[in-house]
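J.: Below you'll find final_18.tsv; it's TSV, C-alpha atoms.
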```tsv
chain	number	residue	atom	x	y	z
A	1	MET	CA	6.66	0.56	-51.16
A	2	THR	CA	6.19	-1.15	-47.80
A	3	MET	CA	9.22	-1.16	-45.55
A	4	THR	CA	9.69	-3.95	-43.01
A	5	SER	CA	12.16	-4.13	-40.19
A	6	PRO	CA	14.77	-6.86	-40.52
A	7	GLN	CA	13.99	-9.88	-38.37
A	8	PRO	CA	16.74	-11.18	-36.10
A	9	ALA	CA	18.04	-14.66	-36.67
A	10	GLU	CA	16.40	-17.24	-34.42
A	11	ASP	CA	19.61	-17.79	-32.54
A	12	ALA	CA	20.44	-14.11	-32.22
A	13	PRO	CA	20.93	-13.12	-28.57
A	14	VAL	CA	18.27	-10.90	-27.01
A	15	PRO	CA	19.83	-7.72	-25.63
A	16	ASP	CA	19.77	-7.56	-21.85
A	17	ARG	CA	17.64	-4.83	-20.33
A	18	ASP	CA	19.67	-2.03	-18.84
A	19	GLU	CA	19.18	-2.72	-15.15
A	20	ARG	CA	19.92	0.93	-14.41
A	21	GLN	CA	16.63	1.82	-16.08
A	22	PRO	CA	13.41	1.32	-14.10
A	23	LEU	CA	10.84	-1.23	-15.26
A	24	VAL	CA	8.11	1.40	-15.47
A	25	ARG	CA	7.81	4.61	-17.47
A	26	PRO	CA	6.69	7.51	-15.26
A	27	GLU	CA	5.29	9.44	-18.21
A	28	ARG	CA	3.01	6.51	-19.04
A	29	ILE	CA	1.65	6.39	-15.49
A	30	SER	CA	1.11	10.17	-15.60
A	31	MET	CA	-0.78	9.87	-18.87
A	32	LEU	CA	-3.03	7.12	-17.52
A	33	LEU	CA	-3.74	9.11	-14.36
A	34	ALA	CA	-4.60	12.19	-16.38
A	35	GLY	CA	-6.92	10.14	-18.60
A	36	SER	CA	-8.83	8.84	-15.59
A	37	ASP	CA	-9.13	12.24	-13.92
A	38	SER	CA	-12.52	13.38	-15.15
A	39	GLN	CA	-13.15	15.47	-12.02
A	40	GLY	CA	-10.03	17.59	-12.20
A	41	ARG	CA	-8.49	16.18	-9.04
A	42	GLU	CA	-5.10	17.24	-7.81
A	43	ARG	CA	-2.31	16.26	-10.17
A	44	VAL	CA	0.17	13.63	-9.01
A	45	ASP	CA	3.77	13.86	-10.14
A	46	VAL	CA	5.43	10.49	-10.89
A	47	GLU	CA	9.02	9.32	-10.80
A	48	ALA	CA	10.65	5.89	-10.99
A	49	VAL	CA	14.05	4.44	-10.15
A	50	ALA	CA	15.61	1.03	-10.61
A	51	GLN	CA	16.89	0.89	-7.03
A	52	THR	CA	16.81	2.89	-3.84
A	53	GLY	CA	17.08	2.30	-0.13
A	54	SER	CA	13.47	3.09	0.68
A	55	THR	CA	10.90	5.08	-1.27
A	56	ASN	CA	9.38	6.18	2.03
A	57	VAL	CA	12.70	7.55	3.28
A	58	ASP	CA	13.30	9.25	-0.07
A	59	LEU	CA	9.99	11.10	0.10
A	60	MET	CA	10.15	11.88	3.82
A	61	GLN	CA	13.38	13.77	3.13
A	62	ARG	CA	11.64	15.89	0.51
A	63	VAL	CA	8.05	16.44	1.62
A	64	THR	CA	8.47	19.97	2.94
A	65	SER	CA	9.75	21.11	-0.46
A	66	LEU	CA	7.00	19.45	-2.55
A	67	SER	CA	4.23	21.49	-4.14
A	68	ARG	CA	2.09	18.55	-5.32
A	69	PRO	CA	1.56	14.89	-4.44
A	70	LEU	CA	4.40	12.69	-5.66
A	71	LEU	CA	4.41	8.97	-6.49
A	72	ARG	CA	7.84	7.33	-6.34
A	73	VAL	CA	8.22	3.79	-7.68
A	74	ALA	CA	11.28	1.57	-7.20
A	75	ASP	CA	12.01	-1.79	-8.79
A	76	ARG	CA	14.16	-2.76	-5.82
A	77	GLN	CA	14.43	-1.42	-2.28
A	78	THR	CA	17.56	-2.31	-0.35
A	79	ALA	CA	16.26	-0.98	2.97
A	80	GLY	CA	12.50	-1.36	2.65
A	81	ARG	CA	10.66	-1.55	5.95
A	82	GLY	CA	7.39	-2.95	7.17
A	83	ARG	CA	5.50	-2.26	10.36
A	84	ALA	CA	7.58	-1.82	13.53
A	85	GLY	CA	10.71	-1.44	11.40
A	86	ARG	CA	10.68	-5.00	10.11
A	87	PRO	CA	12.55	-5.47	6.80
A	88	TRP	CA	10.40	-5.75	3.67
A	89	ARG	CA	12.12	-7.98	1.14
A	90	THR	CA	11.27	-7.58	-2.52
A	91	THR	CA	12.51	-8.58	-5.95
A	92	PRO	CA	11.70	-6.54	-9.06
A	93	GLN	CA	9.89	-9.33	-10.89
A	94	ASP	CA	7.80	-10.50	-7.95
A	95	SER	CA	6.65	-7.24	-6.38
A	96	LEU	CA	5.56	-3.65	-6.70
A	97	SER	CA	7.09	-1.16	-4.28
A	98	PHE	CA	6.06	2.48	-4.23
A	99	SER	CA	5.25	5.43	-2.00
A	100	LEU	CA	2.88	8.36	-2.40
A	101	ALA	CA	3.47	11.69	-0.66
A	102	TRP	CA	0.17	13.45	0.02
A	103	ARG	CA	-0.55	16.73	1.79
A	104	PHE	CA	-3.57	16.97	4.10
A	105	GLU	CA	-5.09	20.22	5.29
A	106	ARG	CA	-5.46	18.47	8.63
A	107	PRO	CA	-3.27	18.24	11.74
A	108	LEU	CA	-1.72	14.90	12.59
A	109	HIS	CA	-4.31	13.99	15.24
A	110	ALA	CA	-7.05	14.25	12.59
A	111	LEU	CA	-5.50	11.45	10.52
A	112	LEU	CA	-6.65	8.61	12.78
A	113	GLY	CA	-7.82	5.71	10.64
A	114	LEU	CA	-5.75	6.71	7.61
A	115	PRO	CA	-3.97	3.31	7.31
A	116	LEU	CA	-7.36	1.59	7.21
A	117	ALA	CA	-8.68	3.97	4.55
A	118	VAL	CA	-5.58	3.30	2.46
A	119	GLY	CA	-6.25	-0.42	2.86
A	120	VAL	CA	-9.72	0.15	1.41
A	121	ALA	CA	-8.21	1.91	-1.61
A	122	VAL	CA	-5.76	-0.92	-2.27
A	123	ALA	CA	-8.39	-3.63	-1.79
A	124	GLU	CA	-10.88	-1.95	-4.12
A	125	ALA	CA	-8.19	-1.44	-6.76
A	126	LEU	CA	-7.20	-5.11	-6.58
A	127	GLU	CA	-10.79	-6.13	-7.22
A	128	VAL	CA	-10.49	-4.49	-10.65
A	129	PHE	CA	-8.03	-7.25	-11.57
A	130	GLY	CA	-10.18	-10.09	-10.23
A	131	VAL	CA	-8.30	-10.42	-6.94
A	132	GLN	CA	-10.43	-11.01	-3.83
A	133	PRO	CA	-8.46	-9.34	-1.03
A	134	GLN	CA	-9.08	-9.19	2.70
A	135	LEU	CA	-8.05	-6.53	5.19
A	136	LYS	CA	-6.35	-7.32	8.47
A	137	TRP	CA	-6.40	-4.53	11.05
A	138	PRO	CA	-4.63	-2.19	11.03
A	139	ASN	CA	-2.60	-2.15	7.80
A	140	ASP	CA	-2.24	-5.51	6.04
A	141	VAL	CA	-3.88	-6.77	2.87
A	142	LEU	CA	-4.39	-10.54	2.77
A	143	ARG	CA	-5.32	-13.10	0.17
A	144	ASP	CA	-6.63	-16.47	1.33
A	145	GLY	CA	-5.37	-15.57	4.80
A	146	ALA	CA	-1.76	-14.88	3.73
A	147	LYS	CA	-0.17	-11.43	3.57
A	148	LEU	CA	-0.42	-9.99	0.08
A	149	ALA	CA	0.54	-6.36	0.73
A	150	GLY	CA	1.75	-4.17	3.54
A	151	ILE	CA	1.14	-0.48	4.18
A	152	LEU	CA	3.53	1.82	6.03
A	153	ILE	CA	2.52	5.44	6.64
A	154	GLU	CA	4.88	8.09	7.97
A	155	THR	CA	3.97	11.71	8.63
A	156	ALA	CA	5.61	15.11	8.88
A	157	SER	CA	4.33	18.59	9.67
A	158	ASP	CA	4.11	20.76	6.58
A	159	GLY	CA	6.32	23.34	8.24
A	160	ARG	CA	4.70	26.18	6.30
A	161	ARG	CA	1.30	25.75	7.94
A	162	GLY	CA	0.76	24.39	11.43
A	163	ASP	CA	-2.51	22.65	10.60
A	164	ALA	CA	-1.26	20.80	7.50
A	165	THR	CA	0.40	17.37	7.47
A	166	TRP	CA	2.28	15.44	4.83
A	167	ALA	CA	1.71	11.68	4.79
A	168	VAL	CA	4.06	9.34	2.97
A	169	ILE	CA	2.16	6.17	2.15
A	170	GLY	CA	4.40	3.21	1.35
A	171	ILE	CA	2.96	0.07	-0.21
A	172	GLY	CA	4.64	-3.24	-0.96
A	173	LEU	CA	2.59	-5.68	-3.04
A	174	ASN	CA	3.51	-9.28	-3.85
A	175	LEU	CA	2.95	-10.28	-7.47
A	176	GLY	CA	4.66	-13.62	-7.07
A	177	VAL	CA	6.52	-15.63	-4.44
A	178	PRO	CA	10.27	-16.21	-4.92
A	179	GLN	CA	11.18	-19.87	-4.80
A	180	GLY	CA	12.03	-21.05	-1.30
A	181	LEU	CA	10.91	-17.87	0.47
A	182	GLU	CA	7.87	-19.44	2.16
A	183	GLN	CA	10.04	-22.27	3.47
A	184	GLU	CA	12.61	-19.80	4.71
A	185	LEU	CA	10.05	-17.65	6.53
A	186	GLU	CA	7.99	-20.68	7.62
A	187	ARG	CA	4.70	-19.05	6.66
A	188	ALA	CA	2.48	-18.65	3.63
A	189	ILE	CA	2.87	-15.57	1.44
A	190	GLY	CA	0.00	-14.11	-0.54
A	191	SER	CA	0.52	-13.12	-4.17
A	192	ALA	CA	-1.44	-11.71	-7.09
A	193	PRO	CA	-0.05	-13.18	-10.33
A	194	GLU	CA	-3.02	-11.60	-12.13
A	195	LEU	CA	-1.19	-8.29	-11.78
A	196	GLN	CA	1.78	-9.60	-13.78
A	197	LYS	CA	-0.31	-9.77	-16.97
A	198	PRO	CA	-1.22	-6.09	-17.58
A	199	PRO	CA	1.56	-3.49	-17.92
A	200	ARG	CA	2.98	-2.36	-14.59
A	201	GLU	CA	2.09	1.21	-15.47
A	202	THR	CA	-1.58	0.22	-15.72
A	203	VAL	CA	-1.55	-1.50	-12.34
A	204	LEU	CA	0.18	1.41	-10.66
A	205	ALA	CA	-2.14	3.95	-12.28
A	206	ILE	CA	-5.26	2.10	-11.12
A	207	ILE	CA	-3.98	1.75	-7.55
A	208	THR	CA	-2.85	5.39	-7.46
A	209	SER	CA	-6.17	6.58	-8.86
A	210	ALA	CA	-7.98	4.64	-6.11
A	211	LEU	CA	-5.67	6.22	-3.54
A	212	VAL	CA	-6.36	9.72	-4.86
A	213	ASP	CA	-10.12	9.12	-4.58
A	214	VAL	CA	-9.87	7.76	-1.04
A	215	LEU	CA	-7.41	10.39	0.24
A	216	THR	CA	-9.53	13.18	-1.19
A	217	GLU	CA	-12.63	11.80	0.54
A	218	PHE	CA	-10.71	11.18	3.77
A	219	GLU	CA	-9.62	14.83	3.74
A	220	HIS	CA	-13.23	15.97	3.89
A	221	ARG	CA	-14.96	13.21	5.85
A	222	GLY	CA	-12.36	11.33	7.88
A	223	PHE	CA	-12.38	7.58	8.44
A	224	GLY	CA	-16.05	7.51	9.36
A	225	ALA	CA	-16.87	7.47	5.64
A	226	PHE	CA	-14.94	4.21	5.22
A	227	VAL	CA	-16.07	2.05	8.15
A	228	LYS	CA	-18.56	-0.01	6.12
A	229	ARG	CA	-16.19	-0.27	3.15
A	230	TRP	CA	-13.40	-1.54	5.42
A	231	GLU	CA	-15.66	-4.05	7.13
A	232	ALA	CA	-16.69	-5.44	3.73
A	233	PHE	CA	-13.11	-6.73	3.44
A	234	HIS	CA	-12.59	-7.63	7.13
A	235	ALA	CA	-10.53	-10.82	7.18
A	236	TYR	CA	-11.38	-11.89	10.74
A	237	ALA	CA	-15.01	-10.74	11.10
A	238	GLY	CA	-16.76	-12.77	13.81
A	239	GLN	CA	-13.70	-14.93	14.47
A	240	ALA	CA	-11.86	-15.60	17.72
A	241	VAL	CA	-8.73	-13.45	17.85
A	242	LYS	CA	-6.07	-12.31	20.25
A	243	ILE	CA	-4.15	-9.05	20.63
A	244	VAL	CA	-0.45	-9.59	21.23
A	245	ASP	CA	2.09	-7.11	22.61
A	246	ASN	CA	5.73	-8.20	22.35
A	247	GLY	CA	4.73	-11.87	22.39
A	248	ARG	CA	2.33	-11.45	25.32
A	249	ILE	CA	-1.42	-11.90	24.86
A	250	VAL	CA	-3.13	-8.80	26.25
A	251	HIS	CA	-6.70	-9.35	24.99
A	252	GLU	CA	-8.78	-12.19	23.61
A	253	GLY	CA	-12.26	-12.16	22.15
A	254	THR	CA	-14.31	-12.02	18.97
A	255	ALA	CA	-13.48	-9.58	16.15
A	256	ALA	CA	-16.41	-7.16	15.86
A	257	GLY	CA	-15.12	-4.60	13.35
A	258	VAL	CA	-13.79	-1.04	13.63
A	259	ASP	CA	-15.17	2.27	14.87
A	260	MET	CA	-15.28	5.77	13.35
A	261	MET	CA	-11.70	6.41	14.47
A	262	GLY	CA	-10.29	3.19	13.06
A	263	ARG	CA	-9.98	1.49	16.43
A	264	PHE	CA	-10.41	-2.29	16.46
A	265	LEU	CA	-13.56	-3.48	18.24
A	266	LEU	CA	-13.19	-6.65	20.26
A	267	ASP	CA	-16.04	-8.42	22.05
A	268	THR	CA	-14.67	-9.88	25.27
A	269	GLU	CA	-16.24	-11.58	28.28
A	270	ALA	CA	-16.14	-8.21	30.03
A	271	GLY	CA	-17.82	-6.38	27.14
A	272	GLN	CA	-16.70	-4.64	23.97
A	273	ILE	CA	-13.38	-2.79	24.02
A	274	GLU	CA	-11.66	-0.47	21.53
A	275	ILE	CA	-8.01	-1.02	20.65
A	276	LEU	CA	-5.61	1.50	19.15
A	277	ALA	CA	-2.93	0.20	16.82
A	278	GLY	CA	0.46	1.14	18.27
A	279	ASP	CA	2.78	-1.86	17.91
A	280	LEU	CA	0.14	-4.40	18.86
A	281	SER	CA	-0.40	-7.47	16.65
A	282	LEU	CA	-3.71	-9.04	15.78
A	283	ARG	CA	-3.80	-12.82	15.33
A	284	LEU	CA	-6.31	-15.60	15.07
A	285	GLN	CA	-6.59	-17.72	18.17
A	286	ASP	CA	-5.02	-21.15	17.91
```
Let me see the file written as C-alpha cells.
T.:
Amino acid sequence: MTMTSPQPAEDAPVPDRDERQPLVRPERISMLLAGSDSQGRERVDVEAVAQTGSTNVDLMQRVTSLSRPLLRVADRQTAGRGRAGRPWRTTPQDSLSFSLAWRFERPLHALLGLPLAVGVAVAEALEVFGVQPQLKWPNDVLRDGAKLAGILIETASDGRRGDATWAVIGIGLNLGVPQGLEQELERAIGSAPELQKPPRETVLAIITSALVDVLTEFEHRGFGAFVKRWEAFHAYAGQAVKIVDNGRIVHEGTAAGVDMMGRFLLDTEAGQIEILAGDLSLRLQD
C-alpha cells in the first residue's frame, strides 16, 4: 500500500517560519565542507544564529578559547560594521553576513595583504555562480562598479603563543537591494541575485571552501602568491584615481596594481609610489 501525505487545502494558511531559527542549517554547511575537503584540510566548525550584534565581535570575544577555525553566520546583524567603523546595514533576505575565525602561525606583521587575499577568495567563489566581480583596493568587492561585498578583518594575538595570530574575517554580501535603499544612500549598490537561487548553505560552503584554500596558501606563501590573481580582478586597472584622506585628496595618478605586500601602486607625475591602506579611500577621478 502506498501512503501519501494529506495535501493542505488551497486556502490553508502557510505556517510562518520561526524567526528565532536561522535561515541556514550549520550541519548542512559542515557536511558540504567535509565533502569538498579531499586534501584533509583543517576542519571548520560552523554555527548560525537568527540575529546578533556583530559576528565579528562575537568571534573576537572567543578566539583565544577556540581550538579550530569557526564560521559564524547571522541572518541579521544589529551592529554590523564596515571599514572605519561605518555601519553595515543588512536584511536577512537580501544579504549574507558571516565571519570566519582563523588561526595563523604568523605574527601580526606577517599578515600584510591578507584583506586582498580574502578578496581573491570571495571573487573566485562568486565566479562559480556566474557573477563577474571586481576588486577595489583594499577590501571591497564590486559588480559593475558598485559595491557588492565588504570585508572587515580584525586580529588578536593567540595569547598561548607569541608568534601566532587569530584573524576574524567578516564578510557582508548583497544578494539583493532593498527597495529605496539606493535612493536613500544616493549611490548604486551591487547585488548578486544569482546567489538567491541555490540553497544558502551551498553558497556559504563554496565561499568558505575558497577561503580555506586561500588562507592555507597565504599561511605558507604570504600575499606574494596572490598578486596576479588580485590584479586579474582589479576594478580600476589603468584608470585615473585619487587617494583621499578625510575628504582631502592626498595623491592622484594612474592605478598600476599592487605589490608583494598588498600596497597599492600609483603612477604619479613624480614616479610610482606605494600606498598602505590605513583609513585612506581610493576613488576614481571625476
J.: Which residue gives the smallest distance to Gly162 in chain A among A:Arg106, A:Arg221, A:Arg283, A:Arg28, with only C-alpha atoms counted?
T.: A:Arg106
J.: At what distance in Å, to one decimal, does CA of Leu66 in chain A lie from CA of Ser95 in chain A?
T.: 27.0 Å
J.: Mind giving me the straight-line distance from CA of Leu70 in chain A to CA of Ser99 in chain A in Å, one decimal?
T.: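 For CA of Leu70 in chain A relative to CA of Ser99 in chain A, the distance reads 8.2 Å.
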J.: Using all atoms listed in the file, pick whichever of A:Ala101, A:Ile189, A:Leu33, A:Leu282 has the shortest atom-to-atom distance to Asp158 in chain A.
T.: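 The shortest atom-to-atom distance to Asp158 in chain A comes from A:Ala101.
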J.: Near Gly271 in chain A, counting all atoms listed in the file, which residues have an atom at most 12 Å away, once you skip same-chain residues fewer than 2 positions from it, shown as number ranges by chain?
T.: A: 251-254, 256, 265-269, 273-274
J.: Between A:Ala125, A:Tyr236, A:Val118, A:Leu204, which residue has the minimum interatomic distance to Val46 in chain A, considering all atoms listed in the file?
T.: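 The shortest atom-to-atom distance to Val46 in chain A comes from A:Leu204.
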J.: Mind pulling up the distance from CA of Ser281 in chain A to CA of Asn246 in chain A?
T.: 8.4 Å
